[in-house]
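The next block is protein.tsv, given as TSV, C-alpha atoms.
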```
chain	number	residue	atom	x	y	z
A	1	MET	CA	-25.85	5.07	-12.38
A	2	ILE	CA	-23.56	2.24	-13.49
A	3	LYS	CA	-21.69	4.59	-15.81
A	4	HIS	CA	-20.87	6.83	-12.81
A	5	TYR	CA	-19.31	3.88	-10.97
A	6	ILE	CA	-17.31	2.77	-14.00
A	7	GLU	CA	-15.98	6.28	-14.63
A	8	ASN	CA	-14.91	6.61	-10.99
A	9	PHE	CA	-13.53	3.09	-10.60
A	10	LEU	CA	-10.28	3.26	-8.62
A	11	ILE	CA	-10.13	7.05	-8.82
A	12	GLY	CA	-9.74	9.23	-5.76
A	13	ASP	CA	-9.54	12.93	-5.08
A	14	LYS	CA	-5.90	13.22	-6.17
A	15	ILE	CA	-4.87	9.90	-7.70
A	16	ALA	CA	-5.95	6.95	-9.80
A	17	LEU	CA	-4.97	3.33	-9.31
A	18	ARG	CA	-4.15	1.42	-12.48
A	19	LYS	CA	-2.20	-1.53	-13.80
A	20	ILE	CA	1.57	-1.27	-13.99
A	21	THR	CA	3.04	-1.43	-17.48
A	22	LYS	CA	6.58	-1.93	-18.76
A	23	ASP	CA	6.69	1.84	-19.33
A	24	ASP	CA	6.49	2.26	-15.53
A	25	TYR	CA	9.41	-0.04	-14.73
A	26	GLU	CA	12.11	2.64	-14.83
A	27	ASP	CA	10.11	4.91	-12.50
A	28	PHE	CA	9.32	1.92	-10.25
A	29	TYR	CA	13.03	1.05	-10.02
A	30	ALA	CA	13.90	4.65	-9.11
A	31	ILE	CA	11.26	4.75	-6.35
A	32	GLU	CA	12.22	1.36	-4.89
A	33	ASP	CA	15.98	2.10	-5.02
A	34	VAL	CA	15.79	4.99	-2.53
A	35	VAL	CA	17.47	3.68	0.62
A	36	GLU	CA	15.33	5.76	2.98
A	37	SER	CA	12.19	4.23	1.48
A	38	ARG	CA	13.58	0.70	1.57
A	39	LEU	CA	14.22	1.10	5.30
A	40	LEU	CA	10.48	1.75	5.76
A	41	MET	CA	9.17	-1.07	3.54
A	42	ASN	CA	10.26	-4.38	4.95
A	43	ASP	CA	12.13	-5.80	7.88
A	44	GLY	CA	14.88	-7.50	5.88
A	45	ILE	CA	18.40	-6.25	5.42
A	46	PRO	CA	18.10	-3.40	2.90
A	47	PHE	CA	20.55	-4.70	0.33
A	48	PRO	CA	20.43	-2.70	-2.90
A	49	PRO	CA	18.17	-4.54	-5.36
A	50	THR	CA	19.03	-5.02	-9.00
A	51	ASN	CA	16.72	-4.15	-11.89
A	52	GLY	CA	16.32	-7.90	-12.32
A	53	ASP	CA	15.11	-8.16	-8.71
A	54	HIS	CA	12.53	-5.46	-9.39
A	55	GLU	CA	11.34	-7.00	-12.64
A	56	LYS	CA	11.04	-10.44	-11.02
A	57	PHE	CA	9.02	-8.93	-8.15
A	58	LEU	CA	6.60	-7.22	-10.53
A	59	SER	CA	6.10	-10.30	-12.69
A	60	GLU	CA	5.61	-12.66	-9.72
A	61	VAL	CA	3.17	-10.44	-7.83
A	62	ASN	CA	0.80	-10.09	-10.75
A	63	SER	CA	0.89	-13.81	-11.60
A	64	GLU	CA	-0.11	-14.88	-8.09
A	65	LYS	CA	-3.83	-15.14	-7.40
A	66	ASP	CA	-3.55	-13.89	-3.83
A	67	GLU	CA	-1.38	-10.83	-4.58
A	68	TYR	CA	-2.34	-7.75	-6.57
A	69	ILE	CA	-0.35	-4.60	-7.25
A	70	PHE	CA	-1.55	-1.30	-8.68
A	71	GLY	CA	0.35	1.69	-9.97
A	72	ILE	CA	-0.46	5.01	-8.30
A	73	GLU	CA	-0.85	7.81	-10.81
A	74	LEU	CA	-1.53	11.49	-10.25
A	75	LYS	CA	-5.04	11.94	-11.60
A	76	GLN	CA	-4.53	15.20	-13.49
A	77	GLU	CA	-0.87	14.95	-14.49
A	78	LYS	CA	-0.87	11.21	-15.35
A	79	ILE	CA	2.47	10.74	-13.54
A	80	PHE	CA	3.39	7.36	-11.97
A	81	ILE	CA	4.33	8.05	-8.33
A	82	GLY	CA	4.31	4.65	-6.63
A	83	THR	CA	2.58	1.36	-5.96
A	84	ILE	CA	-0.04	-0.04	-3.63
A	85	SER	CA	-0.75	-3.71	-3.14
A	86	VAL	CA	-3.04	-6.32	-1.66
A	87	TYR	CA	-1.27	-9.51	-0.61
A	88	SER	CA	-1.59	-12.56	1.61
A	89	VAL	CA	-5.28	-12.79	0.76
A	90	ASN	CA	-6.93	-15.42	2.94
A	91	TRP	CA	-10.22	-16.19	1.18
A	92	LYS	CA	-11.34	-18.62	3.91
A	93	ASN	CA	-11.02	-16.08	6.71
A	94	SER	CA	-11.77	-13.07	4.50
A	95	THR	CA	-8.60	-11.11	5.32
A	96	CYS	CA	-5.68	-9.55	3.47
A	97	HIS	CA	-2.63	-7.38	4.00
A	98	VAL	CA	-1.87	-4.10	2.23
A	99	GLY	CA	1.23	-2.04	1.54
A	100	VAL	CA	2.05	1.22	-0.20
A	101	SER	CA	5.24	2.74	-1.60
A	102	ILE	CA	5.38	6.32	-2.89
A	103	GLY	CA	8.32	8.23	-4.35
A	104	THR	CA	9.99	10.59	-1.90
A	105	ALA	CA	9.11	13.69	-3.95
A	106	TYR	CA	5.41	12.83	-3.54
A	107	GLN	CA	5.36	11.87	0.15
A	108	GLY	CA	3.56	14.00	2.72
A	109	LYS	CA	1.04	15.35	0.20
A	110	GLY	CA	-1.91	13.06	0.95
A	111	TYR	CA	-1.39	10.75	-2.03
A	112	GLY	CA	-0.79	7.70	0.16
A	113	THR	CA	-3.93	8.30	2.21
A	114	ASP	CA	-6.00	8.85	-0.95
A	115	SER	CA	-4.54	5.69	-2.52
A	116	MET	CA	-5.20	3.61	0.58
A	117	LYS	CA	-8.82	4.76	0.82
A	118	ILE	CA	-9.42	3.72	-2.78
A	119	LEU	CA	-7.75	0.36	-2.23
A	120	ILE	CA	-9.77	-0.27	0.96
A	121	ASP	CA	-12.98	0.48	-0.91
A	122	PHE	CA	-11.91	-1.94	-3.65
A	123	ILE	CA	-11.12	-4.66	-1.08
A	124	PHE	CA	-14.45	-4.36	0.72
A	125	ASN	CA	-16.70	-3.74	-2.29
A	126	TYR	CA	-15.11	-5.85	-5.03
A	127	MET	CA	-13.03	-8.52	-3.29
A	128	HIS	CA	-15.70	-8.85	-0.58
A	129	LEU	CA	-13.22	-9.33	2.25
A	130	ASN	CA	-13.97	-8.54	5.88
A	131	LYS	CA	-10.64	-7.30	7.27
A	132	VAL	CA	-7.61	-5.41	5.98
A	133	LYS	CA	-4.33	-5.69	7.90
A	134	LEU	CA	-0.94	-4.03	7.72
A	135	GLN	CA	2.24	-3.65	9.67
A	136	VAL	CA	4.17	-0.42	10.13
A	137	PHE	CA	7.40	0.38	11.93
A	138	SER	CA	6.99	2.51	15.06
A	139	PHE	CA	9.41	5.19	13.85
A	140	ASN	CA	7.35	5.77	10.67
A	141	LYS	CA	5.03	8.34	12.28
A	142	ARG	CA	3.79	9.80	8.98
A	143	ALA	CA	2.59	6.37	7.82
A	144	VAL	CA	0.87	5.65	11.15
A	145	THR	CA	-1.01	8.96	10.89
A	146	SER	CA	-2.03	8.19	7.29
A	147	TYR	CA	-3.33	4.74	8.22
A	148	GLU	CA	-5.30	6.17	11.14
A	149	LYS	CA	-6.92	8.68	8.76
A	150	CYS	CA	-8.08	5.68	6.72
A	151	GLY	CA	-9.67	4.07	9.78
A	152	PHE	CA	-7.00	1.57	10.79
A	153	THR	CA	-6.56	0.95	14.51
A	154	LEU	CA	-3.68	-0.53	16.44
A	155	GLU	CA	-4.30	-4.20	17.19
A	156	GLY	CA	-0.94	-5.21	18.55
A	157	THR	CA	2.68	-4.27	19.05
A	158	LEU	CA	5.66	-6.52	18.49
A	159	LYS	CA	8.18	-5.10	20.95
A	160	GLU	CA	11.71	-4.45	19.68
A	161	GLU	CA	11.04	-6.62	16.61
A	162	LEU	CA	13.01	-4.56	14.08
A	163	PHE	CA	16.68	-3.57	14.05
A	164	ARG	CA	17.25	-0.26	12.24
A	165	PHE	CA	19.68	2.64	12.68
A	166	GLY	CA	21.68	0.77	15.33
A	167	ARG	CA	18.79	0.01	17.69
A	168	PHE	CA	15.57	-2.01	18.04
A	169	TYR	CA	12.10	-0.66	17.23
A	170	ASP	CA	8.54	-1.91	17.64
A	171	ILE	CA	6.38	-3.09	14.76
A	172	TYR	CA	2.72	-2.09	14.93
A	173	HIS	CA	0.00	-4.36	13.58
A	174	MET	CA	-3.04	-2.40	12.48
A	175	GLY	CA	-6.39	-3.54	11.14
A	176	LEU	CA	-9.63	-2.30	9.66
A	177	LEU	CA	-12.93	-4.19	9.58
A	178	ARG	CA	-15.54	-3.87	6.85
A	179	LYS	CA	-18.19	-2.68	9.35
A	180	ASP	CA	-15.88	0.04	10.69
A	181	TRP	CA	-15.12	1.22	7.15
A	182	ALA	CA	-18.85	1.34	6.40
A	183	ASN	CA	-19.43	3.44	9.54
A	184	LEU	CA	-16.72	5.87	8.44
A	185	GLN	CA	-18.34	6.23	5.02
A	186	SER	CA	-21.80	7.08	6.40
```

What's the structure tokens form of this structure?
Amino acid sequence: MIKHYIENFLIGDKIALRKITKDDYEDFYAIEDVVESRLLMNDGIPFPPTNGDHEKFLSEVNSEKDEYIFGIELKQEKIFIGTISVYSVNWKNSTCHVGVSIGTAYQGKGYGTDSMKILIDFIFNYMHLNKVKLQVFSFNKRAVTSYEKCGFTLEGTLKEELFRFGRFYDIYHMGLLRKDWANLQS
């Protein structure tokens, strides 16, 4: 029985989560440099990052004890297609935040949903946290749908919190509790 769990550790229907290596850096840079994706990732001004910025980000995330990043790889093809992360872990209150970034050629194919389900399972069954949180911009309908498929529910809306494309948009805060995840799995 243990062998089954080890063989399937961080492996979903379509993808596998794994550590990021230096061999992935070029692909990571290419994914993170797409302006359309950057506009969906954070609420800062989307200045073009340098390769040094990317390398610093990767090295700092993995050295922090409350931030973890995984590479997303197509299970059969062994192709690096993006990243998924756990950050802002609050061990006292048993919460964390998550985020995902997938290359544009691989979006809309269910890889993000599959990746998130694997990460959620990891968070609840290996990190032993009670709640997973995220924020998503209101205009990112595909991401909202993906998160809902994973069991996340809307917990709050920050009205006109984000300025993009010449106007203000809402930011949704979504959450998923351990007990709700367990109910979805049964």

> Could you state the separation of CA of Cys96 in chain A and CA of Phe122 in chain A in Å, given to one decimal place?
Replying inline: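 Answer for the CA of Cys96 in chain A to CA of Phe122 in chain A separation: 12.1 Å.
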
> Using all atoms listed in the file, which residue out of A:His128, A:Lys19, A:Gly151, A:Pro49 lies closest to Gln185 in chain A?
Replying inline: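 Using all atoms listed in the file, Gln185 in chain A sits closest to A:Gly151.
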
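The gap separating CA of Glu32 in chain A from CA of Phe165 in chain A is 19.1 Å, in Å to one decimal.
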
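For the choices A:Ile102, A:Met127, A:Glu161, A:Tyr111, the atom-to-atom distance to Ser37 in chain A is smallest for A:Ile102 when using only C-alpha atoms.
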
>> as a PyMOL selection string, please: the residues near Val98 in chain A (cut-off 8 Å, only C-alpha atoms, same-chain neighbours under 6 positions excluded).
In response: chain A and resi 84-87+132-134

C-alpha atoms of the current selection, written as a PDB file, in the coordinates of the input:
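The result, stored in selection-v1.pdb:
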```
ATOM      1  CA  ILE A  84      -0.040  -0.040  -3.630  1.00  0.00           C
ATOM      2  CA  SER A  85      -0.750  -3.710  -3.140  1.00  0.00           C
ATOM      3  CA  VAL A  86      -3.040  -6.320  -1.660  1.00  0.00           C
ATOM      4  CA  TYR A  87      -1.270  -9.510  -0.610  1.00  0.00           C
ATOM      5  CA  VAL A 132      -7.610  -5.410   5.980  1.00  0.00           C
ATOM      6  CA  LYS A 133      -4.330  -5.690   7.900  1.00  0.00           C
ATOM      7  CA  LEU A 134      -0.940  -4.030   7.720  1.00  0.00           C
TER       8      LEU A 134
END
```

> With all atoms listed in the file as the basis for distance, which of A:Ile31, A:Trp91, A:Gly108, A:Ile11 is at the shortest distance from Gln76 in chain A?
Replying inline: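 Among the listed residues, A:Ile11 lies closest to Gln76 in chain A.
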
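With CA of Lys149 in chain A on one side and CA of Val35 in chain A on the other, the separation reads 26.2 Å.
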
As JSON, please report the centre and edge lengths, rounded to one decimal in Å, of the axis-aligned box that holds all listed atoms of range 91-95 of chain A with 5 Å of padding on each of the six sides.
```
{"center_x": -10.2, "center_y": -14.9, "center_z": 3.9, "size_x": 13.2, "size_y": 17.5, "size_z": 15.5}
```

> Could you name the residues that touch Lys179 in chain A at 10 Å or less, counting only C-alpha atoms, but leaving out those on the same chain fewer than 6 positions away, as a ChimeraX atom specification?
Replying inline: /A:124,130-131,185

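Close contacts of Ala30 in chain A, defined as residues with an atom at most 10 Å away when counting all atoms listed in the file, with chain neighbours fewer than 4 positions off set aside, comprise Tyr25, Glu26, Val34, Asn51, Gly82 and Gly103 of chain A.
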
Would you mind putting back N, CA and C atoms on range 143-161 of chain A, then writing it out as a PDB file, in the coordinates of the input?
```
ATOM      1  N   ALA A 143       3.403   7.482   8.302  1.00  0.00           N
ATOM      2  CA  ALA A 143       2.590   6.370   7.820  1.00  0.00           C
ATOM      3  C   ALA A 143       1.504   6.008   8.837  1.00  0.00           C
ATOM      4  N   VAL A 144       1.856   5.972  10.112  1.00  0.00           N
ATOM      5  CA  VAL A 144       0.870   5.650  11.150  1.00  0.00           C
ATOM      6  C   VAL A 144      -0.285   6.647  11.088  1.00  0.00           C
ATOM      7  N   THR A 145       0.029   7.923  10.973  1.00  0.00           N
ATOM      8  CA  THR A 145      -1.010   8.960  10.890  1.00  0.00           C
ATOM      9  C   THR A 145      -1.887   8.747   9.657  1.00  0.00           C
ATOM     10  N   SER A 146      -1.280   8.434   8.526  1.00  0.00           N
ATOM     11  CA  SER A 146      -2.030   8.190   7.290  1.00  0.00           C
ATOM     12  C   SER A 146      -2.982   7.011   7.460  1.00  0.00           C
ATOM     13  N   TYR A 147      -2.493   5.928   8.032  1.00  0.00           N
ATOM     14  CA  TYR A 147      -3.330   4.740   8.220  1.00  0.00           C
ATOM     15  C   TYR A 147      -4.488   5.024   9.176  1.00  0.00           C
ATOM     16  N   GLU A 148      -4.220   5.804  10.215  1.00  0.00           N
ATOM     17  CA  GLU A 148      -5.300   6.170  11.140  1.00  0.00           C
ATOM     18  C   GLU A 148      -6.368   7.007  10.440  1.00  0.00           C
ATOM     19  N   LYS A 149      -5.959   7.886   9.534  1.00  0.00           N
ATOM     20  CA  LYS A 149      -6.920   8.680   8.760  1.00  0.00           C
ATOM     21  C   LYS A 149      -7.824   7.792   7.911  1.00  0.00           C
ATOM     22  N   CYS A 150      -7.304   6.630   7.526  1.00  0.00           N
ATOM     23  CA  CYS A 150      -8.080   5.680   6.720  1.00  0.00           C
ATOM     24  C   CYS A 150      -8.974   4.790   7.576  1.00  0.00           C
ATOM     25  N   GLY A 151      -8.823   4.859   8.897  1.00  0.00           N
ATOM     26  CA  GLY A 151      -9.670   4.070   9.780  1.00  0.00           C
ATOM     27  C   GLY A 151      -8.981   2.905  10.455  1.00  0.00           C
ATOM     28  N   PHE A 152      -7.722   2.669  10.150  1.00  0.00           N
ATOM     29  CA  PHE A 152      -7.000   1.570  10.790  1.00  0.00           C
ATOM     30  C   PHE A 152      -6.794   1.866  12.269  1.00  0.00           C
ATOM     31  N   THR A 153      -6.837   0.813  13.085  1.00  0.00           N
ATOM     32  CA  THR A 153      -6.560   0.950  14.510  1.00  0.00           C
ATOM     33  C   THR A 153      -5.458  -0.030  14.895  1.00  0.00           C
ATOM     34  N   LEU A 154      -4.748   0.315  15.938  1.00  0.00           N
ATOM     35  CA  LEU A 154      -3.680  -0.530  16.440  1.00  0.00           C
ATOM     36  C   LEU A 154      -4.278  -1.781  17.075  1.00  0.00           C
ATOM     37  N   GLU A 155      -3.811  -2.940  16.630  1.00  0.00           N
ATOM     38  CA  GLU A 155      -4.300  -4.200  17.190  1.00  0.00           C
ATOM     39  C   GLU A 155      -3.238  -4.912  18.011  1.00  0.00           C
ATOM     40  N   GLY A 156      -2.001  -4.566  17.790  1.00  0.00           N
ATOM     41  CA  GLY A 156      -0.940  -5.210  18.550  1.00  0.00           C
ATOM     42  C   GLY A 156       0.409  -4.587  18.263  1.00  0.00           C
ATOM     43  N   THR A 157       1.330  -4.790  19.186  1.00  0.00           N
ATOM     44  CA  THR A 157       2.680  -4.270  19.050  1.00  0.00           C
ATOM     45  C   THR A 157       3.667  -5.396  19.283  1.00  0.00           C
ATOM     46  N   LEU A 158       4.555  -5.579  18.322  1.00  0.00           N
ATOM     47  CA  LEU A 158       5.660  -6.520  18.490  1.00  0.00           C
ATOM     48  C   LEU A 158       6.834  -5.702  19.014  1.00  0.00           C
ATOM     49  N   LYS A 159       7.157  -5.901  20.278  1.00  0.00           N
ATOM     50  CA  LYS A 159       8.180  -5.100  20.950  1.00  0.00           C
ATOM     51  C   LYS A 159       9.576  -5.415  20.428  1.00  0.00           C
ATOM     52  N   GLU A 160      10.322  -4.360  20.110  1.00  0.00           N
ATOM     53  CA  GLU A 160      11.710  -4.450  19.680  1.00  0.00           C
ATOM     54  C   GLU A 160      11.919  -5.553  18.638  1.00  0.00           C
ATOM     55  N   GLU A 161      11.044  -5.589  17.649  1.00  0.00           N
ATOM     56  CA  GLU A 161      11.040  -6.620  16.610  1.00  0.00           C
ATOM     57  C   GLU A 161      11.949  -6.291  15.436  1.00  0.00           C
TER      58      GLU A 161
END
```
